[in-house]
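Before any comments, here is the structure.
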Amino acid sequence: MEIYLDNSATTKVYDDVADICIKAMTEDYGNASSMHHKGVEAEQYLKEATEKIAKTLKAKPKEILFTSGGTESDNIAIIGGAYAHHREGKHLITTSIEHPAILNSMKHLEEQGFEVTYLKVSEEGVIDLEELKNSIREDTILVSIMAVNNEIGSLMPLKEAGTIIHGINPRILFHVDAVQGYGKLSIIPKQLGIDLMSVSGHKVHGPKGIGFLYIRDCVRILPISYGGGQQGGMRSGTLNIPGIAGLGRASEEIYEDFDEKTNRLYSLKSRLIKGLLSNLSDVRINGIDTSKRSISSLSDEELGDIISKTAPHIISVSVKGVRAEVLLHALEDKKIYVSAGSACSSNHPSISATLKAINLPKEFWDSTVRISMSEFTTEQEIDDTVKAFADIVPMLRQFSRR
């Protein structure tokens, strides 16, 4: 039996999502821009999906812009937002542990003459709000802060950040990369002061190749691609109706029984952490505040309180003396699938900037794997994974010492 624990890389689609995608491809396959009946059918999928997604955010349907996924959403928000407001200033702020879609967009803008401030993070991977406040300048036009770090699961203080940003200058755009947060957290942009927010479909049991960018009403950004003028000219190109329909259904379903799903994920996370620490020595759980005492000495209630300050689905585990890639493949032999970091950069091996930023000791840099769960993960799968770690790690450590 397979145990899939790489849900931050991608997720299994819901059955209803697969069904609606197939129907939109094989029966209602018209182009939403066509004026005949088949086009109207396709446009109805667009309308319904937009309304479903907007409802999860308590937003207006016109505030949803469909994209090919999180990377494109991030690019449109950062580059389109910066270009639209460059006459007001050329200073941008982000964090040192953002996804490459953000960091490389910022790098591009630096090459165009913009200045970027990169906020440091604590050992738990959280920004210092005072540093954010002190970094805002008269010429700051955009701040981008992720909701959830994709490697260690740290949660950023979005509401407090939004209050600081707009309290200093209401015209500054506040962008949030919510690719790992949407569907796992309740995110209401207007309550958090968010102007722009990126989401990817395949992280929430929707199809790959589809996502959306929330753009608060009256926020001005420029398109970064041009064509036939679809979606108000903001993102031209024939709309991916099957993907949009699937994303609409996934967005609706992932927020059904939301509190129950979230509490269950936190329970599984606690079970996994306790299991690993009880069965193995020299193991670290990253992104969790252990300033008071070791995790293994905490009661269930105390551990639950600590992990509630992190994302419910991501666990970053560092195993001293074992290379992450070796551990990953040893687990794979047992049909347990985890990640050796972010899947988005897995083809370019390097030491994670996030692990460096949280001051993880060097001996753990190349010994860290990411375990990420979904609502389909079971207690038995967690227990089997703990047992696999307990069996594999001592053997791998013996080999590494030879």
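Just remember, in the structure tokens the first chain shown is A, the second B, etc., residues are 1-based per chain, and ligands are 1-based in the order shown.
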Taking the chain letters and numbering used in this document, name the residues of region 345-389 of chain A that DSSP puts in strand (DSSP E), as a list in words.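 Matching residues for strand (DSSP E) in region 345-389 of chain A are Thr368, Val369, Arg370, Ile371 and Ser372 of chain A.
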Rank nothing, just name the residue among A:Glu130, A:Asp384, A:Glu63, A:Asp282 nearest to Pro157 (chain A), using only C-alpha atoms.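 That would be A:Glu130, the residue with the smallest distance to Pro157 (chain A).
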Between A:Ile241, A:Ile145, A:Leu109, A:Val199, which one has atoms that come closest to Thr26 (chain A), using only C-alpha atoms?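 The shortest atom-to-atom distance to Thr26 (chain A) comes from A:Ile241.
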Which one is closest to Arg284 (chain A): A:Tyr255, A:Tyr266, A:Phe212, A:Trp365? Count only C-alpha atoms.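 Smallest distance to Arg284 (chain A) is found for A:Trp365.
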Which polymer residues have any atom within 10 Å of an atom of Lys133 (chain A), counting only C-alpha atoms, with same-chain residues fewer than 2 positions away left out, as a ChimeraX atom specification? /A:128-131,135-137,161,164-165,167-168
Using N, CA and C atoms, can you write the selected residues to a file as an mmCIF file, in the first residue's frame?
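What ended up in again-v7.cif:
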data_model
loop_
_atom_site.group_PDB
_atom_site.id
_atom_site.type_symbol
_atom_site.label_atom_id
_atom_site.label_comp_id
_atom_site.auth_asym_id
_atom_site.auth_seq_id
_atom_site.Cartn_x
_atom_site.Cartn_y
_atom_site.Cartn_z
ATOM 1 N N ASP A 128 9.771 39.475 11.999
ATOM 2 C CA ASP A 128 9.689 40.405 13.126
ATOM 3 C C ASP A 128 8.866 41.603 12.658
ATOM 4 N N LEU A 129 7.725 41.819 13.282
ATOM 5 C CA LEU A 129 6.831 42.903 12.856
ATOM 6 C C LEU A 129 7.475 44.275 13.019
ATOM 7 N N GLU A 130 8.346 44.393 14.000
ATOM 8 C CA GLU A 130 9.034 45.678 14.196
ATOM 9 C C GLU A 130 9.986 45.944 13.032
ATOM 10 N N GLU A 131 10.650 44.888 12.541
ATOM 11 C CA GLU A 131 11.521 45.052 11.385
ATOM 12 C C GLU A 131 10.706 45.432 10.159
ATOM 13 N N SER A 135 11.106 48.928 8.067
ATOM 14 C CA SER A 135 11.577 48.792 6.684
ATOM 15 C C SER A 135 10.731 49.583 5.691
ATOM 16 N N ILE A 136 9.538 49.976 6.107
ATOM 17 C CA ILE A 136 8.650 50.703 5.197
ATOM 18 C C ILE A 136 9.147 52.139 5.029
ATOM 19 N N ARG A 137 9.277 52.556 3.779
ATOM 20 C CA ARG A 137 9.779 53.880 3.450
ATOM 21 C C ARG A 137 8.718 54.670 2.705
ATOM 22 N N ALA A 161 0.574 42.261 10.084
ATOM 23 C CA ALA A 161 1.358 42.867 9.001
ATOM 24 C C ALA A 161 0.500 43.813 8.183
ATOM 25 N N ILE A 164 -0.050 47.069 10.034
ATOM 26 C CA ILE A 164 1.141 47.927 10.012
ATOM 27 C C ILE A 164 1.313 48.585 8.652
ATOM 28 N N ILE A 165 1.227 47.798 7.599
ATOM 29 C CA ILE A 165 1.459 48.305 6.245
ATOM 30 C C ILE A 165 0.486 49.410 5.885
ATOM 31 N N GLY A 167 -1.512 50.974 7.902
ATOM 32 C CA GLY A 167 -1.519 52.046 8.890
ATOM 33 C C GLY A 167 -0.490 53.116 8.553
ATOM 34 N N ILE A 168 0.616 52.707 7.946
ATOM 35 C CA ILE A 168 1.651 53.660 7.539
ATOM 36 C C ILE A 168 1.292 54.320 6.210
#
Ser96 (chain A): which residues within 6 Å, counting only C-alpha atoms, same-chain residues fewer than 3 positions away excluded, as a ChimeraX atom specification? /A:118-120
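Minimum atom-to-atom distances from A:Ala178, A:Val319, A:Leu268, A:Leu247 to Gly201 (chain A) were compared using only C-alpha atoms, and the lowest value belongs to A:Leu247.
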Wanna dump the region 131-237 of chain A-region 330-341 of chain A contacts at 9 Å for me, each residue with its shortest atom pair and the distance in Å to one decimal, counting only C-alpha atoms, ordered by chain and number, as CSV?
residue,atom,partner,partner_atom,distance
A:Asn150,CA,A:Gly341,CA,8.6
A:Glu151,CA,A:Gly341,CA,6.0
A:Ile152,CA,A:Gly341,CA,8.9
For the residues in that selection, give me C-alpha atoms as a short mmCIF file (atom, residue, chain, number, x, y, z; two decimals), in the first residue's frame.
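As a result, selection-v1.cif now contains:
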data_model
loop_
_atom_site.label_atom_id
_atom_site.label_comp_id
_atom_site.auth_asym_id
_atom_site.auth_seq_id
_atom_site.Cartn_x
_atom_site.Cartn_y
_atom_site.Cartn_z
CA ASN A 150 6.24 25.72 2.00
CA GLU A 151 9.22 23.97 3.63
CA ILE A 152 8.75 24.23 7.39
#
Skip Gly39 (chain A) itself and residues of its chain fewer than 6 positions away, then list as a ChimeraX atom specification all residues within 6 Å of it, counting only C-alpha atoms. /A:30-32
Could you save the residues just selected, with C-alpha atoms, as a JSON list (two decimals), in the first residue's frame?
[["chain", "number", "residue", "atom", "x", "y", "z"],
["A", 30, "GLY", "CA", -17.00, 25.08, -26.01],
["A", 31, "ASN", "CA", -14.82, 28.17, -25.87],
["A", 32, "ALA", "CA", -16.16, 30.57, -23.23]]
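Take the candidates A:Gln398, A:Ser73, A:Thr94, A:Asn7 and check each one against Thr140 (chain A) using only C-alpha atoms; the shortest distance goes to A:Thr94.
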Env of Tyr214 (chain A): 8 Å cut, atoms = only C-alpha atoms, seq-sep filter 4 positions within chain, self excluded. Answer as a ChimeraX atom specification. /A:63-65,195-198
Based on the selection just made, write C-alpha atoms of those residues as a compact mmCIF listing (two decimals), in the first residue's frame.
# COMPACT_ATOMS: atom_id res chain seq x y z
CA GLU A 63 -12.02 40.11 -7.71
CA ILE A 64 -10.98 36.65 -8.98
CA LEU A 65 -8.52 36.39 -11.89
CA ASP A 195 -4.84 43.48 -1.60
CA LEU A 196 -3.52 40.61 -3.74
CA MET A 197 -3.44 36.88 -3.01
CA SER A 198 -2.10 33.93 -5.02
